[in-house]
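As structure tokens, the structure follows; a few thoughts come after it.
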Amino acid sequence: MLKERAPQLTPRMQEAAKYILDNPADFGLDYIRETARKSGVSTFTLIRLAEKLGFDSFEAFRDPFRHALVSTTELQDRPDWIDPLFAHGKTGQVQAEAALNTLSNAQRSLERQNPALLAEVVEVLLTADRAFVTAVRASYSMAYYFHYVGRMALTSLELIPRHMGSAVDELIHAKPGDAMIAISLTPYSRETVEACQFAQARGVKLILITDSDFIAPDLVPDYLLTVSSNSTHHFACYSGVVSVLEAILSLLVSHGGAEAAERITAYEQARIKQNAYVTIAKKP
């Protein structure tokens, strides 16, 4: 409801809504003054936002987020090898916490994916005239990997931007019938948001992989795949993104059938002929 109504809210309420959607765990835990400080709006704005959404009070608005914490913060089936790490001092503690966070992000991200939605996303990609994948900065590595593997099953796949250009430069001739995957985690890159808006204005189907249901007031993707990006360090953790991308790649190869399998074999044979891999001669 918050995501759907965000475009009709006042600018200050939009700022508060975006903060809540990007930080649901903090919102569920913090008192109103702390939420106001973190989001950069007044407590009055938060109260007005709650009323605007039909809640009797700020606490009533926050309550669903507090309940959601119970099901989103714990890793199910904690591996046996995690706890012994804590016995290795500070290094072991940091390693254990990072490992739990990485596994938890992957688990929560995969739990959120609807098979029917993923099937539709894959069908859009397979039937598109051209399929673009775009991201910048740290997320670019995810886009590069997806393109490197995905092009074997999907020959229409193009990575943008290439070299030192911008994604918009390479979307000039995009048209209805094309599709684009965009990847962006908080803090969201202006270039990626603008590329998404530019592509949609040309009728391109937009598949957005991100860690929020709402990253910009006027950006409504055709397909939204939300992932968890919680981190034990300053930057976003990408294990959730990788998990979802792997699921899409597996579906592309599976749905691509014999043709996709033949292309993958051809790629491998070409690499072998070019001595792309290190090999060790067997002893006679």
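By convention here, the chains of the structure tokens are called A, B, ... in the order presented, each chain's residues are numbered starting at 1, and ligands are numbered starting at 1 in the order presented.
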
Could you give me, as a PDB file with N, CA and C atoms, in the first residue's frame, the residues within 9 Å of range 31-38 of chain A, counting only C-alpha atoms and dropping anything in the same chain fewer than 3 positions from it?
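Done, and the output landed in around_19.pdb:
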ATOM      1  N   ALA A  16       9.854  10.074   3.569  1.00  0.00           N
ATOM      2  CA  ALA A  16       9.616   9.164   4.688  1.00  0.00           C
ATOM      3  C   ALA A  16       9.248   7.774   4.189  1.00  0.00           C
ATOM      4  N   TYR A  19      12.305   5.946   2.922  1.00  0.00           N
ATOM      5  CA  TYR A  19      13.143   5.475   4.019  1.00  0.00           C
ATOM      6  C   TYR A  19      12.549   4.206   4.636  1.00  0.00           C
ATOM      7  N   ILE A  20      11.253   4.195   4.846  1.00  0.00           N
ATOM      8  CA  ILE A  20      10.599   3.036   5.478  1.00  0.00           C
ATOM      9  C   ILE A  20      10.725   1.804   4.596  1.00  0.00           C
ATOM     10  N   ASP A  26      14.756  -1.369  10.602  1.00  0.00           N
ATOM     11  CA  ASP A  26      14.984  -0.227  11.486  1.00  0.00           C
ATOM     12  C   ASP A  26      13.663   0.445  11.848  1.00  0.00           C
ATOM     13  N   PHE A  27      12.782   0.580  10.876  1.00  0.00           N
ATOM     14  CA  PHE A  27      11.493   1.227  11.129  1.00  0.00           C
ATOM     15  C   PHE A  27      10.687   0.426  12.156  1.00  0.00           C
ATOM     16  N   GLY A  28      10.773  -0.894  12.080  1.00  0.00           N
ATOM     17  CA  GLY A  28      10.041  -1.728  13.021  1.00  0.00           C
ATOM     18  C   GLY A  28      10.579  -1.650  14.443  1.00  0.00           C
ATOM     19  N   VAL A  41      13.014  13.660   8.171  1.00  0.00           N
ATOM     20  CA  VAL A  41      11.730  14.369   8.177  1.00  0.00           C
ATOM     21  C   VAL A  41      11.315  14.605   9.623  1.00  0.00           C
ATOM     22  N   SER A  42      10.256  15.371   9.819  1.00  0.00           N
ATOM     23  CA  SER A  42       9.784  15.663  11.170  1.00  0.00           C
ATOM     24  C   SER A  42       8.889  14.543  11.689  1.00  0.00           C
ATOM     25  N   THR A  43       8.731  14.496  13.009  1.00  0.00           N
ATOM     26  CA  THR A  43       7.805  13.521  13.586  1.00  0.00           C
ATOM     27  C   THR A  43       6.384  13.805  13.115  1.00  0.00           C
ATOM     28  N   PHE A  44       6.074  15.073  12.898  1.00  0.00           N
ATOM     29  CA  PHE A  44       4.742  15.437  12.407  1.00  0.00           C
ATOM     30  C   PHE A  44       4.484  14.815  11.035  1.00  0.00           C
ATOM     31  N   THR A  45       5.515  14.802  10.169  1.00  0.00           N
ATOM     32  CA  THR A  45       5.364  14.195   8.837  1.00  0.00           C
ATOM     33  C   THR A  45       5.076  12.698   8.959  1.00  0.00           C
ATOM     34  N   LEU A  46       5.746  12.039   9.886  1.00  0.00           N
ATOM     35  CA  LEU A  46       5.517  10.604  10.076  1.00  0.00           C
ATOM     36  C   LEU A  46       4.106  10.330  10.576  1.00  0.00           C
ATOM     37  N   ILE A  47       3.631  11.160  11.490  1.00  0.00           N
ATOM     38  CA  ILE A  47       2.268  10.991  12.002  1.00  0.00           C
ATOM     39  C   ILE A  47       1.252  11.243  10.895  1.00  0.00           C
ATOM     40  N   PHE A  58       0.929   6.488  14.798  1.00  0.00           N
ATOM     41  CA  PHE A  58       2.220   6.053  14.277  1.00  0.00           C
ATOM     42  C   PHE A  58       2.527   4.633  14.737  1.00  0.00           C
ATOM     43  N   GLU A  59       2.205   4.305  15.989  1.00  0.00           N
ATOM     44  CA  GLU A  59       2.479   2.975  16.517  1.00  0.00           C
ATOM     45  C   GLU A  59       1.708   1.908  15.746  1.00  0.00           C
TER      46      GLU A  59
END

All alpha helix (DSSP H) residues (DSSP, backbone) inside range 196-244 of chain A, as a PDB file with N, CA, C and O atoms, in the first residue's frame:
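Output file states08.pdb is given in full below:
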ATOM      1  N   CYS A 196      16.315   3.235 -16.716  1.00  0.00           N
ATOM      2  CA  CYS A 196      15.035   2.537 -16.599  1.00  0.00           C
ATOM      3  C   CYS A 196      13.895   3.400 -17.135  1.00  0.00           C
ATOM      4  O   CYS A 196      13.034   2.926 -17.896  1.00  0.00           O
ATOM      5  N   GLN A 197      13.880   4.656 -16.739  1.00  0.00           N
ATOM      6  CA  GLN A 197      12.832   5.566 -17.188  1.00  0.00           C
ATOM      7  C   GLN A 197      12.915   5.789 -18.692  1.00  0.00           C
ATOM      8  O   GLN A 197      11.885   5.814 -19.392  1.00  0.00           O
ATOM      9  N   PHE A 198      14.119   5.919 -19.210  1.00  0.00           N
ATOM     10  CA  PHE A 198      14.347   6.126 -20.638  1.00  0.00           C
ATOM     11  C   PHE A 198      13.850   4.918 -21.433  1.00  0.00           C
ATOM     12  O   PHE A 198      13.188   5.055 -22.458  1.00  0.00           O
ATOM     13  N   ALA A 199      14.173   3.736 -20.942  1.00  0.00           N
ATOM     14  CA  ALA A 199      13.770   2.506 -21.629  1.00  0.00           C
ATOM     15  C   ALA A 199      12.252   2.346 -21.624  1.00  0.00           C
ATOM     16  O   ALA A 199      11.640   2.011 -22.659  1.00  0.00           O
ATOM     17  N   GLN A 200      11.631   2.579 -20.471  1.00  0.00           N
ATOM     18  CA  GLN A 200      10.172   2.427 -20.396  1.00  0.00           C
ATOM     19  C   GLN A 200       9.451   3.433 -21.281  1.00  0.00           C
ATOM     20  O   GLN A 200       8.401   3.121 -21.844  1.00  0.00           O
ATOM     21  N   ALA A 201      10.010   4.610 -21.423  1.00  0.00           N
ATOM     22  CA  ALA A 201       9.397   5.616 -22.291  1.00  0.00           C
ATOM     23  C   ALA A 201       9.384   5.168 -23.751  1.00  0.00           C
ATOM     24  O   ALA A 201       8.576   5.652 -24.551  1.00  0.00           O
ATOM     25  N   SER A 239      24.927 -11.349  -2.096  1.00  0.00           N
ATOM     26  CA  SER A 239      24.607 -12.778  -2.173  1.00  0.00           C
ATOM     27  C   SER A 239      23.155 -13.009  -2.582  1.00  0.00           C
ATOM     28  O   SER A 239      22.844 -13.989  -3.276  1.00  0.00           O
ATOM     29  N   GLY A 240      22.254 -12.117  -2.186  1.00  0.00           N
ATOM     30  CA  GLY A 240      20.848 -12.241  -2.593  1.00  0.00           C
ATOM     31  C   GLY A 240      20.671 -12.037  -4.078  1.00  0.00           C
ATOM     32  O   GLY A 240      19.916 -12.760  -4.744  1.00  0.00           O
ATOM     33  N   VAL A 241      21.367 -11.038  -4.632  1.00  0.00           N
ATOM     34  CA  VAL A 241      21.290 -10.773  -6.073  1.00  0.00           C
ATOM     35  C   VAL A 241      21.809 -11.969  -6.861  1.00  0.00           C
ATOM     36  O   VAL A 241      21.178 -12.423  -7.823  1.00  0.00           O
ATOM     37  N   VAL A 242      22.967 -12.484  -6.451  1.00  0.00           N
ATOM     38  CA  VAL A 242      23.557 -13.627  -7.156  1.00  0.00           C
ATOM     39  C   VAL A 242      22.605 -14.818  -7.143  1.00  0.00           C
ATOM     40  O   VAL A 242      22.431 -15.498  -8.158  1.00  0.00           O
ATOM     41  N   SER A 243      21.966 -15.057  -6.019  1.00  0.00           N
ATOM     42  CA  SER A 243      21.058 -16.203  -5.911  1.00  0.00           C
ATOM     43  C   SER A 243      19.901 -16.099  -6.899  1.00  0.00           C
ATOM     44  O   SER A 243      19.536 -17.082  -7.558  1.00  0.00           O
ATOM     45  N   VAL A 244      19.327 -14.906  -7.010  1.00  0.00           N
ATOM     46  CA  VAL A 244      18.196 -14.719  -7.926  1.00  0.00           C
ATOM     47  C   VAL A 244      18.662 -14.770  -9.382  1.00  0.00           C
ATOM     48  O   VAL A 244      17.990 -15.353 -10.244  1.00  0.00           O
TER      49      VAL A 244
END

Distance query Ala174 in chain A at most 10 Å, only C-alpha atoms, self and fewer than 4 positions along chain excluded, as a PDB file with all heavy atoms, in the first residue's frame:
ATOM      1  N   ASP A 129      12.914  -9.012 -28.771  1.00  0.00           N
ATOM      2  CA  ASP A 129      13.779  -8.780 -29.935  1.00  0.00           C
ATOM      3  C   ASP A 129      15.215  -8.576 -29.474  1.00  0.00           C
ATOM      4  O   ASP A 129      16.150  -9.137 -30.046  1.00  0.00           O
ATOM      5  CB  ASP A 129      13.286  -7.549 -30.714  1.00  0.00           C
ATOM      6  CG  ASP A 129      11.902  -7.771 -31.300  1.00  0.00           C
ATOM      7  OD1 ASP A 129      11.591  -8.920 -31.671  1.00  0.00           O
ATOM      8  OD2 ASP A 129      11.133  -6.798 -31.374  1.00  0.00           O
ATOM      9  N   ARG A 130      15.370  -7.737 -28.457  1.00  0.00           N
ATOM     10  CA  ARG A 130      16.669  -7.537 -27.810  1.00  0.00           C
ATOM     11  C   ARG A 130      16.448  -7.505 -26.306  1.00  0.00           C
ATOM     12  O   ARG A 130      15.463  -6.939 -25.827  1.00  0.00           O
ATOM     13  CB  ARG A 130      17.328  -6.238 -28.268  1.00  0.00           C
ATOM     14  CG  ARG A 130      17.892  -6.280 -29.669  1.00  0.00           C
ATOM     15  CD  ARG A 130      18.566  -4.968 -30.019  1.00  0.00           C
ATOM     16  NE  ARG A 130      17.608  -3.857 -29.981  1.00  0.00           N
ATOM     17  CZ  ARG A 130      17.941  -2.580 -30.172  1.00  0.00           C
ATOM     18  NH1 ARG A 130      19.199  -2.252 -30.384  1.00  0.00           N
ATOM     19  NH2 ARG A 130      17.016  -1.642 -30.135  1.00  0.00           N
ATOM     20  N   ALA A 131      17.363  -8.096 -25.558  1.00  0.00           N
ATOM     21  CA  ALA A 131      17.277  -8.098 -24.096  1.00  0.00           C
ATOM     22  C   ALA A 131      18.534  -7.410 -23.558  1.00  0.00           C
ATOM     23  O   ALA A 131      19.645  -7.878 -23.795  1.00  0.00           O
ATOM     24  CB  ALA A 131      17.165  -9.514 -23.559  1.00  0.00           C
ATOM     25  N   PHE A 132      18.335  -6.313 -22.864  1.00  0.00           N
ATOM     26  CA  PHE A 132      19.454  -5.565 -22.289  1.00  0.00           C
ATOM     27  C   PHE A 132      19.608  -5.929 -20.811  1.00  0.00           C
ATOM     28  O   PHE A 132      18.638  -6.287 -20.144  1.00  0.00           O
ATOM     29  CB  PHE A 132      19.211  -4.062 -22.391  1.00  0.00           C
ATOM     30  CG  PHE A 132      18.981  -3.560 -23.790  1.00  0.00           C
ATOM     31  CD1 PHE A 132      17.694  -3.344 -24.254  1.00  0.00           C
ATOM     32  CD2 PHE A 132      20.045  -3.308 -24.637  1.00  0.00           C
ATOM     33  CE1 PHE A 132      17.465  -2.874 -25.542  1.00  0.00           C
ATOM     34  CE2 PHE A 132      19.840  -2.834 -25.929  1.00  0.00           C
ATOM     35  CZ  PHE A 132      18.547  -2.618 -26.383  1.00  0.00           C
ATOM     36  N   VAL A 168      21.909   5.041 -21.428  1.00  0.00           N
ATOM     37  CA  VAL A 168      20.970   5.803 -22.253  1.00  0.00           C
ATOM     38  C   VAL A 168      21.470   5.902 -23.691  1.00  0.00           C
ATOM     39  O   VAL A 168      20.696   5.786 -24.647  1.00  0.00           O
ATOM     40  CB  VAL A 168      20.736   7.202 -21.651  1.00  0.00           C
ATOM     41  CG1 VAL A 168      19.978   8.102 -22.631  1.00  0.00           C
ATOM     42  CG2 VAL A 168      19.956   7.089 -20.345  1.00  0.00           C
ATOM     43  N   GLU A 170      22.981   3.776 -25.375  1.00  0.00           N
ATOM     44  CA  GLU A 170      22.773   2.515 -26.086  1.00  0.00           C
ATOM     45  C   GLU A 170      21.311   2.085 -26.111  1.00  0.00           C
ATOM     46  O   GLU A 170      20.987   1.019 -26.623  1.00  0.00           O
ATOM     47  CB  GLU A 170      23.660   1.444 -25.457  1.00  0.00           C
ATOM     48  CG  GLU A 170      25.135   1.837 -25.563  1.00  0.00           C
ATOM     49  CD  GLU A 170      26.062   0.817 -24.952  1.00  0.00           C
ATOM     50  OE1 GLU A 170      25.979  -0.347 -25.375  1.00  0.00           O
ATOM     51  OE2 GLU A 170      26.861   1.186 -24.078  1.00  0.00           O
ATOM     52  N   ASP A 178      11.406  -4.994 -27.004  1.00  0.00           N
ATOM     53  CA  ASP A 178      12.664  -5.188 -26.293  1.00  0.00           C
ATOM     54  C   ASP A 178      12.382  -5.344 -24.793  1.00  0.00           C
ATOM     55  O   ASP A 178      11.302  -4.991 -24.312  1.00  0.00           O
ATOM     56  CB  ASP A 178      13.605  -4.006 -26.504  1.00  0.00           C
ATOM     57  CG  ASP A 178      14.064  -3.887 -27.954  1.00  0.00           C
ATOM     58  OD1 ASP A 178      13.994  -4.898 -28.671  1.00  0.00           O
ATOM     59  OD2 ASP A 178      14.467  -2.780 -28.357  1.00  0.00           O
ATOM     60  N   ALA A 179      13.358  -5.862 -24.067  1.00  0.00           N
ATOM     61  CA  ALA A 179      13.245  -6.011 -22.614  1.00  0.00           C
ATOM     62  C   ALA A 179      14.569  -5.616 -21.982  1.00  0.00           C
ATOM     63  O   ALA A 179      15.614  -5.649 -22.632  1.00  0.00           O
ATOM     64  CB  ALA A 179      12.882  -7.445 -22.233  1.00  0.00           C
ATOM     65  N   MET A 180      14.528  -5.238 -20.696  1.00  0.00           N
ATOM     66  CA  MET A 180      15.756  -4.848 -20.011  1.00  0.00           C
ATOM     67  C   MET A 180      15.723  -5.271 -18.551  1.00  0.00           C
ATOM     68  O   MET A 180      14.730  -5.043 -17.856  1.00  0.00           O
ATOM     69  CB  MET A 180      15.976  -3.337 -20.085  1.00  0.00           C
ATOM     70  CG  MET A 180      17.309  -2.895 -19.468  1.00  0.00           C
ATOM     71  SD  MET A 180      17.676  -1.138 -19.693  1.00  0.00           S
ATOM     72  CE  MET A 180      16.663  -0.411 -18.408  1.00  0.00           C
ATOM     73  N   PHE A 198      14.119   5.919 -19.210  1.00  0.00           N
ATOM     74  CA  PHE A 198      14.347   6.126 -20.638  1.00  0.00           C
ATOM     75  C   PHE A 198      13.850   4.918 -21.433  1.00  0.00           C
ATOM     76  O   PHE A 198      13.188   5.055 -22.458  1.00  0.00           O
ATOM     77  CB  PHE A 198      15.832   6.356 -20.888  1.00  0.00           C
ATOM     78  CG  PHE A 198      16.171   6.829 -22.272  1.00  0.00           C
ATOM     79  CD1 PHE A 198      16.164   8.178 -22.588  1.00  0.00           C
ATOM     80  CD2 PHE A 198      16.510   5.926 -23.263  1.00  0.00           C
ATOM     81  CE1 PHE A 198      16.484   8.619 -23.870  1.00  0.00           C
ATOM     82  CE2 PHE A 198      16.822   6.342 -24.547  1.00  0.00           C
ATOM     83  CZ  PHE A 198      16.819   7.701 -24.846  1.00  0.00           C
ATOM     84  N   ALA A 199      14.173   3.736 -20.942  1.00  0.00           N
ATOM     85  CA  ALA A 199      13.770   2.506 -21.629  1.00  0.00           C
ATOM     86  C   ALA A 199      12.252   2.346 -21.624  1.00  0.00           C
ATOM     87  O   ALA A 199      11.640   2.011 -22.659  1.00  0.00           O
ATOM     88  CB  ALA A 199      14.426   1.296 -20.967  1.00  0.00           C
ATOM     89  N   GLN A 200      11.631   2.579 -20.471  1.00  0.00           N
ATOM     90  CA  GLN A 200      10.172   2.427 -20.396  1.00  0.00           C
ATOM     91  C   GLN A 200       9.451   3.433 -21.281  1.00  0.00           C
ATOM     92  O   GLN A 200       8.401   3.121 -21.844  1.00  0.00           O
ATOM     93  CB  GLN A 200       9.709   2.580 -18.948  1.00  0.00           C
ATOM     94  CG  GLN A 200       9.963   1.340 -18.097  1.00  0.00           C
ATOM     95  CD  GLN A 200       9.221   1.378 -16.793  1.00  0.00           C
ATOM     96  OE1 GLN A 200       9.406   2.292 -15.982  1.00  0.00           O
ATOM     97  NE2 GLN A 200       8.379   0.378 -16.554  1.00  0.00           N
ATOM     98  N   ALA A 201      10.010   4.610 -21.423  1.00  0.00           N
ATOM     99  CA  ALA A 201       9.397   5.616 -22.291  1.00  0.00           C
ATOM    100  C   ALA A 201       9.384   5.168 -23.751  1.00  0.00           C
ATOM    101  O   ALA A 201       8.576   5.652 -24.551  1.00  0.00           O
ATOM    102  CB  ALA A 201      10.142   6.947 -22.174  1.00  0.00           C
ATOM    103  N   ARG A 202      10.256   4.224 -24.088  1.00  0.00           N
ATOM    104  CA  ARG A 202      10.311   3.681 -25.445  1.00  0.00           C
ATOM    105  C   ARG A 202       9.599   2.335 -25.570  1.00  0.00           C
ATOM    106  O   ARG A 202       9.743   1.643 -26.563  1.00  0.00           O
ATOM    107  CB  ARG A 202      11.777   3.545 -25.886  1.00  0.00           C
ATOM    108  CG  ARG A 202      12.330   4.876 -26.364  1.00  0.00           C
ATOM    109  CD  ARG A 202      13.831   4.978 -26.248  1.00  0.00           C
ATOM    110  NE  ARG A 202      14.259   6.256 -26.818  1.00  0.00           N
ATOM    111  CZ  ARG A 202      14.038   7.435 -26.238  1.00  0.00           C
ATOM    112  NH1 ARG A 202      13.405   7.506 -25.087  1.00  0.00           N
ATOM    113  NH2 ARG A 202      14.446   8.553 -26.811  1.00  0.00           N
ATOM    114  N   GLY A 203       8.852   1.983 -24.542  1.00  0.00           N
ATOM    115  CA  GLY A 203       8.054   0.775 -24.607  1.00  0.00           C
ATOM    116  C   GLY A 203       8.782  -0.501 -24.251  1.00  0.00           C
ATOM    117  O   GLY A 203       8.279  -1.597 -24.503  1.00  0.00           O
ATOM    118  N   VAL A 204       9.984  -0.378 -23.657  1.00  0.00           N
ATOM    119  CA  VAL A 204      10.767  -1.547 -23.278  1.00  0.00           C
ATOM    120  C   VAL A 204      10.211  -2.128 -21.979  1.00  0.00           C
ATOM    121  O   VAL A 204       9.895  -1.400 -21.036  1.00  0.00           O
ATOM    122  CB  VAL A 204      12.249  -1.169 -23.085  1.00  0.00           C
ATOM    123  CG1 VAL A 204      13.058  -2.355 -22.570  1.00  0.00           C
ATOM    124  CG2 VAL A 204      12.830  -0.650 -24.392  1.00  0.00           C
TER     125      VAL A 204
END

Rounded to one decimal place, report the CA of Phe65 in chain A-CA of Pro24 in chain A distance in Å.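 Distance between the two atoms: 6.3 Å.
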
Point out the residue among A:Asn23, A:Tyr238, A:Asp222, A:Glu51 with the least atom-to-atom distance to Ser39 in chain A, counting only C-alpha atoms. A:Asn23

Can you tell me which residues surround range 97-104 of chain A at a distance of at most 12 Å, considering only C-alpha atoms, apart from same-chain residues fewer than 3 positions away, and format the answer as number ranges by chain? A: 71-86, 90-94, 107-111, 227-233, 236-243

Would you please work out which residue, of A:Leu171, A:Leu245, A:Ala261, A:Leu118, is nearest to Tyr144 in chain A when using only C-alpha atoms? A:Leu245

Here is a test: counting only C-alpha atoms, which residue of A:Ala182, A:Ala116, A:Leu224, A:Ile215 is nearest to Ala167 in chain A? A:Ala182
